[in-house]
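Asker: Pasting a structure here, questions to come.
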Amino acid sequence: MQKKNDMYHINHFIWDFDGTLFDSYPIIIGTLRSTLQDCGYDCDPSEAMQLMLQNITVAQKHYAEKFGIPMEELLKVYAGHHEAQNPQLLAKPMADVEKVLARICETGRKNYIFTHRKCSTTAQYLDKYGLSHYFTEIVGPEAAHFAYKPAPDALLYLMDKYGMTTEDAVMVGDRDCDLGSARNAGISTAHYVCAMVPETLSCDFRFENYQKMLAIL
């Protein structure tokens, strides 16, 4: 795919949630550490973050094996902390991301979400910050049981449902698995460089902040 300097040709923006739309990583890592502490252990936040870049299940399995904690027990304790924190909706939107979402909608284009977070919690966050009306659809792990990223299944579903082409769609994410889904679906990749994931990934577009993305919309 030939790289372009602007996103005027993009009509469909598919977003990751954690670390891309919302600054939620510190809360997820905190939940994991609280879980391990309840079991008598702890972890290095940087190491946990690297594991979680694949997904939270990878991190949970790693520490269950490392510390000899039965996986069922770890998941039960984690779920307790997760359920206690979720109603508080502690994560906040990334700076200026609402301006980007609004510009996309104002120009007749559409936003979607493909996330490993449950659709219900994702929707609650969007509602809390008045962002729900910017999105056409949320695809999460309970939606048709799509395979985890970097599988392209969810993107191919959205492309088919909304008539997207490989030229007019992009996946915006902070991790390589996000961009991998886009590559596997044949669409453009936009890397948001999250502060907690300082990686330089191969992509069509890269933004250190959303003002830069706004400038080429």
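Letters A, B, ... mark the chains of the structure tokens in the order given; residue numbers begin at 1 per chain; ligand numbers begin at 1, in order shown.
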Just the residues within 10 Å of Ile10 (chain A), please, counting only C-alpha atoms, with nothing from its chain fewer than 5 positions along; format it as JSON, numbers by chain.
Answerer: {"A": [104, 109, 110, 164, 165, 166, 167, 168, 169, 170, 188, 217]}
Asker: From the list A:Met49, A:Val139, A:Val193, A:Ala185, which residue is nearest Ala123 (chain A) when using only C-alpha atoms?
Answerer: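 Closest residue, counting only C-alpha atoms: A:Val139.
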Asker: With region 197-212 of chain A as the partner and 7 Å as the cut-off, tabulate the residues of region 82-193 of chain A that qualify, each row holding the nearest pair of atoms and their distance in Å to one decimal, using only C-alpha atoms, sorted by chain and rising number, as a Markdown table.
Answerer:
```
| residue | atom | partner | partner_atom | distance |
| --- | --- | --- | --- | --- |
| A:Asp96 | CA | A:Tyr210 | CA | 5.6 |
| A:Val97 | CA | A:Tyr210 | CA | 5.8 |
| A:Val100 | CA | A:Tyr210 | CA | 6.9 |
| A:Asp176 | CA | A:Leu201 | CA | 6.7 |
| A:Ser188 | CA | A:Asp204 | CA | 6.2 |
| A:Thr189 | CA | A:Cys203 | CA | 5.2 |
| A:Ala190 | CA | A:Phe205 | CA | 4.5 |
| A:His191 | CA | A:Arg206 | CA | 4.7 |
| A:Tyr192 | CA | A:Phe207 | CA | 5.0 |
| A:Val193 | CA | A:Glu208 | CA | 5.0 |
```
Asker: May I have a table of the residues of region 3-40 of chain A lying at most 8 Å from region 73-83 of chain A, giving each one's closest pair of atoms and their distance in Å to one decimal, counting only C-alpha atoms, ordered by chain and ascending residue number, as a Markdown table?
Answerer:
```
| residue | atom | partner | partner_atom | distance |
| --- | --- | --- | --- | --- |
| A:Thr31 | CA | A:His81 | CA | 6.2 |
| A:Leu32 | CA | A:Tyr78 | CA | 6.7 |
| A:Ser34 | CA | A:His81 | CA | 7.5 |
| A:Thr35 | CA | A:Tyr78 | CA | 5.2 |
| A:Leu36 | CA | A:Leu74 | CA | 7.7 |
| A:Asp38 | CA | A:Val77 | CA | 7.7 |
| A:Cys39 | CA | A:Leu74 | CA | 7.8 |
```
Asker: Which of chain A counts as alpha helix (DSSP H) under DSSP, as a ChimeraX atom specification please?
Answerer: /A:25-38,45-52,56-67,71-85,97-106,119-128,153-162,176-185,210-215
Asker: For a test of reading the model, state the distance in Å between CA of Ala215 (chain A) and CA of Asp6 (chain A), rounded to one decimal.
Answerer: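 Taking CA of Ala215 (chain A) and CA of Asp6 (chain A), their separation equals 8.5 Å.
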Asker: Please determine, counting only C-alpha atoms, which residue among A:Glu47, A:Asp174, A:Glu72, A:Asp153 has the shortest atom-to-atom distance to Trp15 (chain A).
Answerer: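 Counting only C-alpha atoms, the residue closest to Trp15 (chain A) is A:Asp174.
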Asker: From the set A:Ser132, A:Asp178, A:Ala84, A:Asn184, which residue has the shortest atom-to-atom contact distance to Leu156 (chain A), counting only C-alpha atoms?
Answerer: A:Asn184
Asker: Excluding Asp18 (chain A) and residues on its chain fewer than 6 positions from it, collect all residues at most 12 Å away from it, counting only C-alpha atoms, and give them as a PyMOL selection string.
Answerer: chain A and resi 24-29+52-53+55-56+91-94+113-118+121-122+125+140+172-175+178+192+194+196-197
Asker: Quick one: of A:Lys161, A:Gly180, A:His133, A:Leu126, who's nearest to Tyr148 (chain A), counting only C-alpha atoms?
Answerer: A:Gly180
Asker: In Å, with one decimal, what is the gap from CA of Cys105 (chain A) to CA of Phe22 (chain A)?
Answerer: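 The value is 18.8 Å.
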Asker: Figure out the distance between CA of Ser120 (chain A) and CA of Arg103 (chain A), please, to one decimal in Å.
Answerer: 25.4 Å
Asker: Looking at only C-alpha atoms, which of A:His9, A:Lys149, A:Lys61, A:Arg33 is the one that sits closest to Arg183 (chain A)?
Answerer: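 With only C-alpha atoms as the atom set, the closest residue is A:Lys149.
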